[in-house]
>>> print(open('start-v8.txt').read())   # compact mmCIF, C-alpha atoms and all ligand atoms
# COMPACT_ATOMS: atom_id res chain seq x y z
CA MET Z 292 -27.34 -11.24 30.17
CA SER Z 293 -29.31 -8.92 27.88
CA THR Z 294 -28.60 -9.12 24.19
CA ARG Z 295 -27.19 -5.60 24.27
CA ARG Z 296 -24.82 -6.38 27.13
CA LYS Z 297 -23.76 -9.56 25.37
CA PHE Z 298 -23.08 -7.51 22.25
CA ILE Z 299 -21.00 -4.94 24.12
CA LYS Z 300 -19.06 -7.74 25.82
CA HIS Z 301 -18.45 -9.41 22.46
CA VAL Z 302 -17.28 -6.15 20.91
CA GLY Z 303 -15.11 -5.41 23.93
CA THR Z 304 -13.46 -8.82 23.74
CA LEU Z 305 -12.91 -8.48 20.04
CA ALA Z 306 -11.60 -4.95 20.43
CA SER Z 307 -9.15 -5.77 23.19
CA GLY Z 308 -8.01 -8.72 21.04
CA LEU Z 309 -7.15 -6.17 18.40
CA GLY Z 310 -5.10 -4.14 20.84
CA LEU Z 311 -7.43 -1.14 20.69
CA GLY Z 312 -7.78 1.36 23.52
CA VAL Z 313 -11.09 1.90 25.32
CA ALA Z 314 -11.96 5.05 23.35
CA ALA Z 315 -11.38 3.34 20.03
CA GLN Z 316 -13.37 0.30 21.16
CA GLU Z 317 -16.28 2.54 21.99
CA ARG Z 318 -15.95 4.53 18.76
CA TRP Z 319 -15.91 1.57 16.40
CA LYS Z 320 -18.24 -0.85 18.11
CA HIS Z 321 -21.05 -0.16 15.61
CA ALA Z 322 -18.73 -0.79 12.69
CA TRP Z 323 -17.62 -4.05 14.25
CA ALA Z 324 -21.22 -5.04 14.90
CA ALA Z 325 -22.03 -4.52 11.23
CA GLN Z 326 -18.94 -6.32 10.02
CA PRO Z 327 -16.44 -7.53 12.60
CA PRO Z 328 -12.88 -7.11 11.36
CA LEU Z 329 -10.85 -10.24 10.89
CA PRO Z 330 -8.64 -10.91 13.87
CA SER Z 331 -4.99 -10.37 13.20
CA PRO Z 332 -3.64 -13.73 12.07
CA VAL Z 333 -1.26 -15.15 14.62
CA TYR Z 334 1.37 -17.33 13.06
CA GLY Z 335 3.98 -17.08 15.80
CA GLN Z 336 7.58 -16.13 15.17
CA SER Z 337 8.65 -16.73 11.61
CA ASP Z 338 11.81 -15.80 9.85
CA LEU Z 339 10.69 -14.03 6.68
CA VAL Z 340 7.36 -12.26 6.19
CA MET Z 341 5.95 -10.33 3.24
CA VAL Z 342 2.64 -8.51 2.97
CA SER Z 343 1.57 -6.88 -0.30
CA THR Z 344 -1.58 -5.29 -1.63
CA TRP Z 345 -4.12 -6.79 -4.01
CA ASN Z 346 -3.96 -10.03 -6.00
CA HIS Z 347 -0.66 -9.12 -7.62
CA GLY Z 348 0.75 -9.23 -4.10
CA MET Z 349 0.91 -13.01 -4.56
CA PRO Z 350 3.48 -13.11 -7.41
CA ALA Z 351 5.24 -10.06 -5.92
CA ASN Z 352 5.68 -11.83 -2.58
CA ASP Z 353 6.80 -14.99 -4.39
CA ALA Z 354 9.54 -12.96 -6.08
CA GLY Z 355 10.51 -11.28 -2.80
CA MET Z 356 10.67 -14.59 -0.95
CA VAL Z 357 13.08 -16.02 -3.53
CA VAL Z 358 15.38 -13.06 -2.89
CA GLY Z 359 14.92 -13.26 0.90
CA GLY Z 360 15.46 -17.02 0.87
CA GLN Z 361 18.82 -16.42 -0.81
CA GLY Z 362 19.86 -14.08 1.98
CA GLY Z 363 18.62 -10.80 0.49
CA SER Z 364 17.56 -8.03 2.86
CA ALA Z 365 14.01 -6.82 3.44
CA LEU Z 366 14.84 -3.93 1.10
CA ASP Z 367 15.91 -6.37 -1.62
CA MET Z 368 12.71 -8.35 -1.05
CA VAL Z 369 10.35 -5.40 -1.50
CA GLU Z 370 12.31 -4.04 -4.44
CA ALA Z 371 12.21 -7.42 -6.22
CA GLY Z 372 8.46 -7.72 -5.68
CA ALA Z 373 7.81 -4.17 -6.85
CA ARG Z 374 9.94 -4.59 -9.99
CA LEU Z 375 7.99 -7.67 -11.01
CA VAL Z 376 4.71 -5.77 -10.95
CA GLU Z 377 6.22 -2.65 -12.57
CA SER Z 378 7.22 -4.79 -15.57
CA ASP Z 379 3.85 -6.52 -15.88
CA ALA Z 380 2.07 -4.75 -18.72
CA SER Z 381 -1.24 -6.43 -17.90
CA GLY Z 382 -1.66 -4.39 -14.69
CA GLN Z 383 -2.99 -0.94 -15.60
CA SER Z 384 -2.05 0.98 -12.49
CA VAL Z 385 1.63 0.28 -11.96
CA GLY Z 386 4.62 0.95 -14.24
CA LEU Z 387 4.50 -0.45 -17.77
CA GLY Z 388 0.92 -0.40 -19.11
CA GLY Z 389 -0.25 2.07 -16.47
CA LEU Z 390 -3.22 4.20 -17.46
CA PRO Z 391 -2.22 7.76 -18.36
CA ASP Z 392 -3.28 11.08 -16.93
CA ARG Z 393 -5.96 13.14 -18.66
CA ASP Z 394 -3.41 14.54 -21.11
CA GLY Z 395 -2.19 11.09 -22.12
CA TYR Z 396 1.04 10.89 -20.09
CA VAL Z 397 1.85 7.89 -17.88
CA THR Z 398 3.39 9.44 -14.76
CA LEU Z 399 4.78 7.32 -11.96
CA ASP Z 400 5.17 7.70 -8.19
CA ALA Z 401 7.24 5.37 -5.98
CA CYS Z 402 9.01 5.21 -2.65
CA ILE Z 403 11.02 2.85 -0.50
CA MET Z 404 12.02 2.90 3.18
CA ASP Z 405 14.17 0.80 5.50
CA HIS Z 406 14.14 0.00 9.22
CA THR Z 407 16.46 2.91 10.11
CA LEU Z 408 14.21 5.68 8.71
CA ASN Z 409 16.21 5.90 5.48
CA ALA Z 410 13.82 6.73 2.68
CA GLY Z 411 13.90 7.46 -1.03
CA SER Z 412 11.17 8.63 -3.34
CA VAL Z 413 10.44 9.75 -6.89
CA CYS Z 414 7.27 11.35 -8.18
CA PHE Z 415 5.77 12.60 -11.43
CA VAL Z 416 8.30 10.56 -13.42
CA THR Z 417 7.79 9.41 -16.99
CA GLY Z 418 9.54 6.83 -19.18
CA ILE Z 419 11.26 4.79 -16.46
CA GLU Z 420 10.39 1.13 -16.13
CA HIS Z 421 11.51 0.77 -12.50
CA PRO Z 422 10.79 3.89 -10.45
CA ILE Z 423 11.20 1.77 -7.30
CA SER Z 424 14.87 1.18 -8.12
CA LEU Z 425 15.31 4.88 -8.88
CA ALA Z 426 13.77 5.67 -5.46
CA ARG Z 427 16.22 3.26 -3.86
CA ARG Z 428 19.15 5.01 -5.54
CA VAL Z 429 17.83 8.37 -4.31
CA MET Z 430 17.82 6.89 -0.81
CA GLU Z 431 21.21 5.22 -0.98
CA ASP Z 432 23.27 7.48 -3.21
CA THR Z 433 22.00 11.02 -2.74
CA PRO Z 434 21.63 13.30 0.30
CA HIS Z 435 17.93 13.71 -0.55
CA VAL Z 436 14.71 11.85 0.08
CA MET Z 437 12.63 12.88 -2.92
CA LEU Z 438 13.23 13.81 -6.56
CA ALA Z 439 10.43 14.96 -8.83
CA GLY Z 440 9.69 15.05 -12.55
CA GLU Z 441 12.48 16.12 -14.88
CA GLY Z 442 15.07 16.09 -12.10
CA ALA Z 443 14.28 12.49 -11.27
CA GLU Z 444 14.42 11.56 -14.97
CA GLN Z 445 17.76 13.32 -15.32
CA TYR Z 446 19.11 11.31 -12.39
CA ALA Z 447 17.80 8.08 -13.97
CA GLU Z 448 19.62 8.97 -17.16
CA GLU Z 449 22.85 9.61 -15.23
CA LEU Z 450 22.45 6.14 -13.72
CA GLY Z 451 22.05 4.65 -17.20
CA MET Z 452 18.43 3.61 -16.73
CA PRO Z 453 16.91 3.23 -20.19
CA ARG Z 454 13.97 5.34 -21.31
CA VAL Z 455 10.92 3.28 -22.23
CA ASN Z 456 7.46 3.99 -23.59
CA LEU Z 457 5.14 3.00 -20.75
CA LEU Z 458 1.91 3.53 -22.70
CA THR Z 459 0.96 0.11 -24.11
CA PRO Z 460 -1.56 -0.23 -26.97
CA GLU Z 461 -4.14 -1.54 -24.48
CA SER Z 462 -3.76 1.46 -22.18
CA GLU Z 463 -3.79 3.84 -25.14
CA GLU Z 464 -7.00 2.21 -26.31
CA ALA Z 465 -8.57 2.61 -22.84
CA TYR Z 466 -7.47 6.26 -22.80
CA LYS Z 467 -9.02 6.96 -26.21
CA LYS Z 468 -12.26 5.44 -25.00
CA TRP Z 469 -12.17 7.54 -21.85
CA ARG Z 470 -11.56 10.66 -23.97
CA GLU Z 471 -14.93 10.14 -25.66
CA THR Z 472 -16.62 11.33 -22.48
CA ALA Z 473 -13.59 12.53 -20.49
CA GLU Z 474 -15.59 11.98 -17.36
CA TYR Z 475 -13.78 11.41 -14.12
CA ALA Z 476 -16.07 9.24 -12.07
CA PRO Z 477 -14.11 6.86 -9.88
CA VAL Z 478 -15.84 3.61 -8.99
CA ILE Z 479 -14.95 1.83 -5.77
CA ASN Z 480 -12.47 -1.03 -6.15
CA ILE Z 481 -12.65 -1.19 -9.91
CA GLU Z 482 -11.55 2.41 -10.09
CA ASN Z 483 -8.55 1.48 -12.21
CA HIS Z 484 -6.46 1.24 -9.13
CA ASP Z 485 -4.39 -1.51 -7.67
CA THR Z 486 -1.17 0.10 -6.62
CA ILE Z 487 1.34 -2.30 -5.17
CA SER Z 488 2.52 -1.60 -1.64
CA LEU Z 489 4.86 -4.15 -0.09
CA LEU Z 490 6.15 -4.69 3.44
CA ALA Z 491 8.82 -7.21 4.45
CA LEU Z 492 10.61 -8.56 7.48
CA ASP Z 493 13.87 -10.37 6.75
CA GLY Z 494 15.87 -13.09 8.48
CA GLU Z 495 17.81 -10.50 10.47
CA GLY Z 496 14.60 -8.95 11.82
CA ARG Z 497 14.87 -5.87 9.58
CA LEU Z 498 11.73 -4.26 8.19
CA ALA Z 499 11.37 -2.47 4.85
CA GLY Z 500 8.60 -1.23 2.61
CA ALA Z 501 7.98 -0.09 -0.95
CA CYS Z 502 5.13 1.46 -2.87
CA THR Z 503 4.86 2.01 -6.64
CA THR Z 504 2.04 3.22 -8.87
CA SER Z 505 0.98 5.09 -11.96
CA GLY Z 506 -1.56 6.76 -9.68
CA LEU Z 507 -5.16 7.45 -10.39
CA ALA Z 508 -6.15 6.95 -14.00
CA TYR Z 509 -6.94 10.15 -15.91
CA LYS Z 510 -5.77 12.38 -13.05
CA MET Z 511 -4.80 15.99 -13.78
CA HIS Z 512 -1.37 16.35 -15.33
CA GLY Z 513 1.07 17.01 -12.49
CA ARG Z 514 -1.06 15.37 -9.81
CA VAL Z 515 0.99 13.42 -7.29
CA GLY Z 516 -0.71 10.99 -4.94
CA ASP Z 517 0.12 9.49 -1.58
CA SER Z 518 2.28 6.66 -2.90
CA PRO Z 519 5.62 8.54 -3.00
CA ILE Z 520 4.91 10.54 0.16
CA ILE Z 521 6.77 9.15 3.15
CA GLY Z 522 4.24 8.81 5.97
CA ALA Z 523 1.24 8.79 3.63
CA GLY Z 524 1.67 5.88 1.17
CA LEU Z 525 4.37 4.17 3.24
CA TYR Z 526 6.08 4.36 6.60
CA VAL Z 527 8.56 2.07 8.29
CA ASP Z 528 10.04 2.24 11.76
CA GLY Z 529 12.21 -0.78 12.50
CA GLU Z 530 11.50 -0.55 16.21
CA VAL Z 531 7.73 -0.69 15.79
CA GLY Z 532 6.42 -1.81 12.43
CA ALA Z 533 5.56 -0.79 8.91
CA ALA Z 534 2.41 0.25 7.08
CA ALA Z 535 1.40 1.08 3.53
CA ALA Z 536 -1.65 2.30 1.69
CA THR Z 537 -3.61 1.82 -1.48
CA GLY Z 538 -6.67 3.63 -2.76
CA LEU Z 539 -7.61 7.26 -3.06
CA GLY Z 540 -4.36 9.08 -2.31
CA GLU Z 541 -6.00 12.36 -1.38
CA ALA Z 542 -7.70 10.73 1.63
CA VAL Z 543 -4.48 9.01 2.67
CA MET Z 544 -2.45 12.24 2.42
CA ARG Z 545 -4.98 14.21 4.44
CA THR Z 546 -4.64 11.78 7.32
CA LEU Z 547 -0.96 10.86 6.82
CA GLY Z 548 -2.29 7.32 6.96
CA SER Z 549 0.76 5.05 7.03
CA PHE Z 550 2.50 7.15 9.66
CA LEU Z 551 -0.70 7.10 11.66
CA VAL Z 552 -0.89 3.30 11.53
CA VAL Z 553 2.72 2.96 12.71
CA GLU Z 554 2.23 5.49 15.49
CA LEU Z 555 -0.89 3.67 16.67
CA MET Z 556 1.19 0.49 16.77
CA ARG Z 557 3.82 2.33 18.77
CA GLY Z 558 1.03 3.18 21.22
CA GLY Z 559 0.25 -0.51 21.70
CA MET Z 560 -2.24 -1.45 19.00
CA ASN Z 561 -1.54 -4.49 16.89
CA PRO Z 562 -1.40 -4.12 13.08
CA GLN Z 563 -5.05 -5.05 12.62
CA GLY Z 564 -6.31 -2.68 15.29
CA ALA Z 565 -4.15 0.16 14.00
CA SER Z 566 -5.41 -0.36 10.43
CA VAL Z 567 -9.03 -0.34 11.63
CA GLU Z 568 -8.47 2.88 13.56
CA ALA Z 569 -6.72 4.64 10.65
CA ILE Z 570 -9.51 3.69 8.26
CA GLY Z 571 -11.96 4.90 10.89
CA ARG Z 572 -10.20 8.27 10.94
CA ILE Z 573 -11.01 8.71 7.24
CA MET Z 574 -14.58 7.50 7.58
CA GLU Z 575 -15.23 9.76 10.50
CA ARG Z 576 -13.98 12.92 8.84
CA MET Z 577 -14.73 12.47 5.14
CA ASP Z 578 -17.55 11.22 2.98
CA SER Z 579 -16.17 7.79 2.17
CA LYS Z 580 -19.17 6.36 0.30
CA ASN Z 581 -17.46 6.59 -3.07
CA MET Z 582 -13.84 6.14 -2.19
CA GLN Z 583 -11.75 3.13 -1.31
CA VAL Z 584 -8.68 3.15 0.91
CA GLY Z 585 -6.93 0.07 2.26
CA TYR Z 586 -4.01 -0.29 4.66
CA ILE Z 587 -1.65 -3.16 5.26
CA ALA Z 588 0.52 -3.33 8.36
CA LEU Z 589 3.36 -5.48 9.62
CA GLY Z 590 4.66 -5.45 13.18
CA ALA Z 591 8.34 -5.78 14.02
CA ASP Z 592 7.30 -9.10 15.65
CA GLY Z 593 5.91 -10.41 12.36
CA SER Z 594 2.22 -9.84 13.18
CA VAL Z 595 0.10 -8.74 10.23
CA GLY Z 596 -3.12 -6.81 9.65
CA GLY Z 597 -5.07 -5.02 6.97
CA HIS Z 598 -8.31 -3.11 6.70
CA ALA Z 599 -10.25 -1.10 4.13
CA ILE Z 600 -13.26 1.16 3.88
CA HIS Z 601 -15.14 -1.13 1.53
CA PRO Z 602 -15.16 -4.88 0.85
CA HIS Z 603 -13.04 -6.69 -1.71
CA PHE Z 604 -9.69 -5.23 -0.75
CA SER Z 605 -7.22 -8.11 -0.68
CA TYR Z 606 -3.63 -8.51 0.38
CA ALA Z 607 -1.13 -11.33 0.17
CA VAL Z 608 0.71 -12.68 3.21
CA HIS Z 609 3.74 -14.93 2.76
CA ARG Z 610 5.76 -16.44 5.58
CA MET Z 611 8.84 -18.59 5.33
CA ARG Z 612 10.76 -20.32 8.06
CA LYS Z 613 14.44 -20.10 7.40
CA THR Z 614 15.18 -23.28 9.33
CA ASN Z 615 13.26 -25.56 6.97
CA GLY Z 616 12.33 -23.22 4.11
CA GLN Z 617 8.64 -23.93 4.68
CA LEU Z 618 6.56 -21.30 2.87
CA THR Z 619 2.92 -20.37 3.48
CA ARG Z 620 1.07 -18.20 0.97
CA ASP Z 621 -2.29 -16.60 1.79
CA LEU Z 622 -4.48 -14.16 -0.04
CA VAL Z 623 -6.54 -12.41 2.66
CA GLU Z 624 -9.75 -10.59 1.87
CA SER Z 625 -9.63 -7.67 4.26
CA SER Z 626 -12.24 -6.91 6.82
CA HIS Z 627 -14.18 -3.72 6.23
CA ALA Z 628 -16.12 -1.25 8.28
C1 LIG X 701 -2.86 7.30 -5.78
N1 LIG X 701 -2.85 5.72 -3.97
O1 LIG X 701 -2.16 7.74 -6.67
C2 LIG X 701 -2.68 5.85 -5.38
C3 LIG X 701 -3.59 5.01 -6.19
C4 LIG X 701 -3.78 3.65 -5.66
O2 LIG X 701 -4.62 1.58 -5.80
O3 LIG X 701 -3.36 3.27 -4.62
N2 LIG X 701 -4.44 2.80 -6.29
O4 LIG X 701 -3.74 7.95 -5.20
>>> encode(input="start-v8.txt", output="C-alpha cells")
Amino acid sequence: MSTRRKFIKHVGTLASGLGLGVAAQERWKHAWAAQPPLPSPVYGQSDLVMVSTWNHGMPANDAGMVVGGQGGSALDMVEAGARLVESDASGQSVGLGGLPDRDGYVTLDACIMDHTLNAGSVCFVTGIEHPISLARRVMEDTPHVMLAGEGAEQYAEELGMPRVNLLTPESEEAYKKWRETAEYAPVINIENHDTISLLALDGEGRLAGACTTSGLAYKMHGRVGDSPIIGAGLYVDGEVGAAAATGLGEAVMRTLGSFLVVELMRGGMNPQGASVEAIGRIMERMDSKNMQVGYIALGADGSVGGHAIHPHFSYAVHRMRKTNGQLTRDLVESSHA
C-alpha cells in the first residue's frame, strides 16, 4: 500500500474511532496528520465523573468528588469545585484575586446548568466571592436565566451574600504594571486566563456543568465574555452530554461553541470528536494564530474528551466507583490541531 493510502487509512481509522462523520474526517485529516488528537479515554461505566479545565481542575474535582461521594448531586459537585477556585486568591482569572478590567474593576461572569435544561447565570458582577452560587440561586429561585451587573449585585445583597473586595494586592500590583504601557496584547496560554469550567455526572446519572471567571484581564469595562452565556461557555443536555469552554470568549461566542459540541454529540460524535470539530470550526473561519480556545466534553455515558487550538491546554478527569469508592485522578494534556 502506498504511503499516502496508508496515511488516509490511518486517519480514517482514527477518525471513525472518534465518532466523526465522513465529511469531518476528510476536513481534518491534515490536522490529525500534523498532530493526531488523543483518543477519547475509555474507562467503561463509572458512577461519578468530573472533568474540569486547567491544572486547578485537579483540586476542584477533588472537592466535587467529596460532595458527590457523600450523595451530592452533579450540580452540588460542580458548585463545590467552582467555589474552591473562586476563593483561591492565587489564581488570577477566577473570583478573588482576579485581574481587573482596564479601569481597575474586577468583574465576574458565571453560569450553571443541570440535566433538565435549567440554567442560571450572572455577568458583569463585582464584589461577590461566589458568583457561581449566585447563578445557582438565579436558576433555582427566580423565573429568569440571567442577571447582570447592579441587578445581580442587588439580588446577592437580598440573599445576604457579603460584599468583598476581590482585588488583592498582587492583582493590583499587576494592574499598575500593566497601566505603565496599557497595551492589550494577549499571549497564547499565558494570556492571564485559566477560567474554570466543570462538568459532572453523578451517581444517579445526572449531568451538570458550571463555569466561572473574571474574564480576560484588562478587558474594556462592561465587556462580558462567553463564560456566562448558556450555549457558549457551557451547555448541558442530560440526554446527550455536556460541554464547556475556556479561552478567548469572543471566538467561543461567535460559534456558540459549547452548544455546538453537544449538538455534534447528539448527531453521533463522541466527546473527543465533537471537541475536535468545534475547535476546527473556529480555526476554519477565524485567524486563530494568536488565540487559544479549549473545550471539554462529557457524554451522558461517562465518556470524556477535550481539544484546543494550541498545545498546553490541560483538563482534569476524575472518576469514582460508588461500589468501592475507588477514585482515579488524571490531568490530561489536550490534543491540539
Ligand atoms: C472570557 N472565556 O472571558 C473567558 C476567559 C477564559 O481562560 O476562559 N479564560 O473570554
>>> residues_near_ligand(input="start-v8.txt", ligand="ligand LIG 701 (chain X)", cutoff="9 Å", atoms="only C-alpha atoms and all ligand atoms", output="CSV table (one decimal) with C-alpha atoms, keeping the file's coordinate frame")
chain,number,residue,atom,x,y,z
Z,344,THR,CA,-1.6,-5.3,-1.6
Z,345,TRP,CA,-4.1,-6.8,-4.0
Z,384,SER,CA,-2.0,1.0,-12.5
Z,385,VAL,CA,1.6,0.3,-12.0
Z,399,LEU,CA,4.8,7.3,-12.0
Z,400,ASP,CA,5.2,7.7,-8.2
Z,480,ASN,CA,-12.5,-1.0,-6.2
Z,482,GLU,CA,-11.6,2.4,-10.1
Z,483,ASN,CA,-8.6,1.5,-12.2
Z,484,HIS,CA,-6.5,1.2,-9.1
Z,485,ASP,CA,-4.4,-1.5,-7.7
Z,486,THR,CA,-1.2,0.1,-6.6
Z,487,ILE,CA,1.3,-2.3,-5.2
Z,488,SER,CA,2.5,-1.6,-1.6
Z,502,CYS,CA,5.1,1.5,-2.9
Z,503,THR,CA,4.9,2.0,-6.6
Z,504,THR,CA,2.0,3.2,-8.9
Z,505,SER,CA,1.0,5.1,-12.0
Z,506,GLY,CA,-1.6,6.8,-9.7
Z,507,LEU,CA,-5.2,7.4,-10.4
Z,508,ALA,CA,-6.2,7.0,-14.0
Z,510,LYS,CA,-5.8,12.4,-13.0
Z,514,ARG,CA,-1.1,15.4,-9.8
Z,515,VAL,CA,1.0,13.4,-7.3
Z,516,GLY,CA,-0.7,11.0,-4.9
Z,517,ASP,CA,0.1,9.5,-1.6
Z,518,SER,CA,2.3,6.7,-2.9
Z,519,PRO,CA,5.6,8.5,-3.0
Z,524,GLY,CA,1.7,5.9,1.2
Z,536,ALA,CA,-1.6,2.3,1.7
Z,537,THR,CA,-3.6,1.8,-1.5
Z,538,GLY,CA,-6.7,3.6,-2.8
Z,539,LEU,CA,-7.6,7.3,-3.1
Z,540,GLY,CA,-4.4,9.1,-2.3
Z,541,GLU,CA,-6.0,12.4,-1.4
Z,542,ALA,CA,-7.7,10.7,1.6
Z,543,VAL,CA,-4.5,9.0,2.7
Z,544,MET,CA,-2.4,12.2,2.4
Z,583,GLN,CA,-11.8,3.1,-1.3
Z,584,VAL,CA,-8.7,3.2,0.9
Z,585,GLY,CA,-6.9,0.1,2.3
>>> atom_distance(input="start-v8.txt", atom1="CA of Ser625 in chain Z", atom2="CA of Leu555 in chain Z")
18.9 Å
>>> atom_distance(input="start-v8.txt", atom1="CA of Gly597 in chain Z", atom2="CA of Ser566 in chain Z")
5.8 Å
>>> residues_around(input="start-v8.txt", residues="Asp379 in chain Z", least_positions_apart="2", cutoff="12 Å", atoms="only C-alpha atoms", output="PyMOL selection string")
chain Z and resi 347+350-351+372-377+381-389+420-421+457+459+487
>>> residues_around(input="start-v8.txt", residues="range 433-441 of chain Z", least_positions_apart="4", cutoff="12 Å", atoms="only C-alpha atoms", output="short mmCIF file (atom, residue, chain, number, x, y, z; two decimals) with C-alpha atoms, in the coordinates of the input")
data_model
loop_
_atom_site.label_atom_id
_atom_site.label_comp_id
_atom_site.auth_asym_id
_atom_site.auth_seq_id
_atom_site.Cartn_x
_atom_site.Cartn_y
_atom_site.Cartn_z
CA VAL Z 397 1.85 7.89 -17.88
CA THR Z 398 3.39 9.44 -14.76
CA LEU Z 399 4.78 7.32 -11.96
CA ASP Z 400 5.17 7.70 -8.19
CA ALA Z 401 7.24 5.37 -5.98
CA CYS Z 402 9.01 5.21 -2.65
CA ILE Z 403 11.02 2.85 -0.50
CA MET Z 404 12.02 2.90 3.18
CA LEU Z 408 14.21 5.68 8.71
CA ASN Z 409 16.21 5.90 5.48
CA ALA Z 410 13.82 6.73 2.68
CA GLY Z 411 13.90 7.46 -1.03
CA SER Z 412 11.17 8.63 -3.34
CA VAL Z 413 10.44 9.75 -6.89
CA CYS Z 414 7.27 11.35 -8.18
CA PHE Z 415 5.77 12.60 -11.43
CA VAL Z 416 8.30 10.56 -13.42
CA THR Z 417 7.79 9.41 -16.99
CA GLY Z 418 9.54 6.83 -19.18
CA ILE Z 419 11.26 4.79 -16.46
CA PRO Z 422 10.79 3.89 -10.45
CA LEU Z 425 15.31 4.88 -8.88
CA ALA Z 426 13.77 5.67 -5.46
CA ARG Z 427 16.22 3.26 -3.86
CA ARG Z 428 19.15 5.01 -5.54
CA VAL Z 429 17.83 8.37 -4.31
CA GLN Z 445 17.76 13.32 -15.32
CA TYR Z 446 19.11 11.31 -12.39
CA ALA Z 447 17.80 8.08 -13.97
CA GLU Z 448 19.62 8.97 -17.16
CA HIS Z 512 -1.37 16.35 -15.33
CA GLY Z 513 1.07 17.01 -12.49
CA ARG Z 514 -1.06 15.37 -9.81
CA VAL Z 515 0.99 13.42 -7.29
CA PRO Z 519 5.62 8.54 -3.00
CA ILE Z 520 4.91 10.54 0.16
CA ILE Z 521 6.77 9.15 3.15
#
>>> axis_aligned_box(input="start-v8.txt", around="range 402-418 of chain Z", padding_each_side="6 Å", output="AutoDock Vina command-line options")
--center_x 11.1 --center_y 6.3 --center_z -4.5 --size_x 22.7 --size_y 24.6 --size_z 41.3
>>> atom_distance(input="start-v8.txt", atom1="CA of Leu450 in chain Z", atom2="CA of Glu370 in chain Z")
17.1 Å
>>> residues_near_point(input="start-v8.txt", point="(4.3, -8.1, 12.1)", cutoff="9 Å", atoms="only C-alpha atoms", output="VMD selection string")
chain Z and resid 340 491 to 492 531 to 533 561 to 562 588 to 596
>>> residues_near_point(input="start-v8.txt", point="(-9.5, 10.1, -19.2)", cutoff="10 Å", atoms="only C-alpha atoms", output="count of residues only")
22
>>> decode(input="start-v8.txt", residues="range 366-378 of chain Z", atoms="N, CA and C atoms", output="tab-separated table (two decimals), in the first residue's frame")
chain	number	residue	atom	x	y	z
Z	366	LEU	N	-24.98	18.88	40.30
Z	366	LEU	CA	-24.98	20.33	40.50
Z	366	LEU	C	-24.16	20.71	41.73
Z	367	ASP	N	-24.36	19.95	42.82
Z	367	ASP	CA	-23.59	20.22	44.04
Z	367	ASP	C	-22.09	20.02	43.78
Z	368	MET	N	-21.78	19.01	42.97
Z	368	MET	CA	-20.37	18.71	42.69
Z	368	MET	C	-19.70	19.87	41.95
Z	369	VAL	N	-20.36	20.35	40.89
Z	369	VAL	CA	-19.71	21.43	40.12
Z	369	VAL	C	-19.69	22.74	40.91
Z	370	GLU	N	-20.71	22.96	41.72
Z	370	GLU	CA	-20.72	24.19	42.52
Z	370	GLU	C	-19.58	24.15	43.55
Z	371	ALA	N	-19.40	22.99	44.19
Z	371	ALA	CA	-18.34	22.88	45.20
Z	371	ALA	C	-16.97	23.12	44.58
Z	372	GLY	N	-16.75	22.52	43.40
Z	372	GLY	CA	-15.47	22.70	42.73
Z	372	GLY	C	-15.24	24.14	42.32
Z	373	ALA	N	-16.28	24.77	41.81
Z	373	ALA	CA	-16.15	26.17	41.36
Z	373	ALA	C	-15.88	27.10	42.55
Z	374	ARG	N	-16.56	26.85	43.66
Z	374	ARG	CA	-16.38	27.71	44.84
Z	374	ARG	C	-14.94	27.65	45.36
Z	375	LEU	N	-14.37	26.46	45.31
Z	375	LEU	CA	-12.99	26.32	45.78
Z	375	LEU	C	-12.05	27.24	44.99
Z	376	VAL	N	-12.21	27.23	43.68
Z	376	VAL	CA	-11.32	28.02	42.84
Z	376	VAL	C	-11.66	29.52	42.95
Z	377	GLU	N	-12.95	29.84	43.10
Z	377	GLU	CA	-13.33	31.25	43.27
Z	377	GLU	C	-12.67	31.86	44.52
Z	378	SER	N	-12.48	31.04	45.56
Z	378	SER	CA	-11.90	31.56	46.81
Z	378	SER	C	-10.39	31.56	46.81
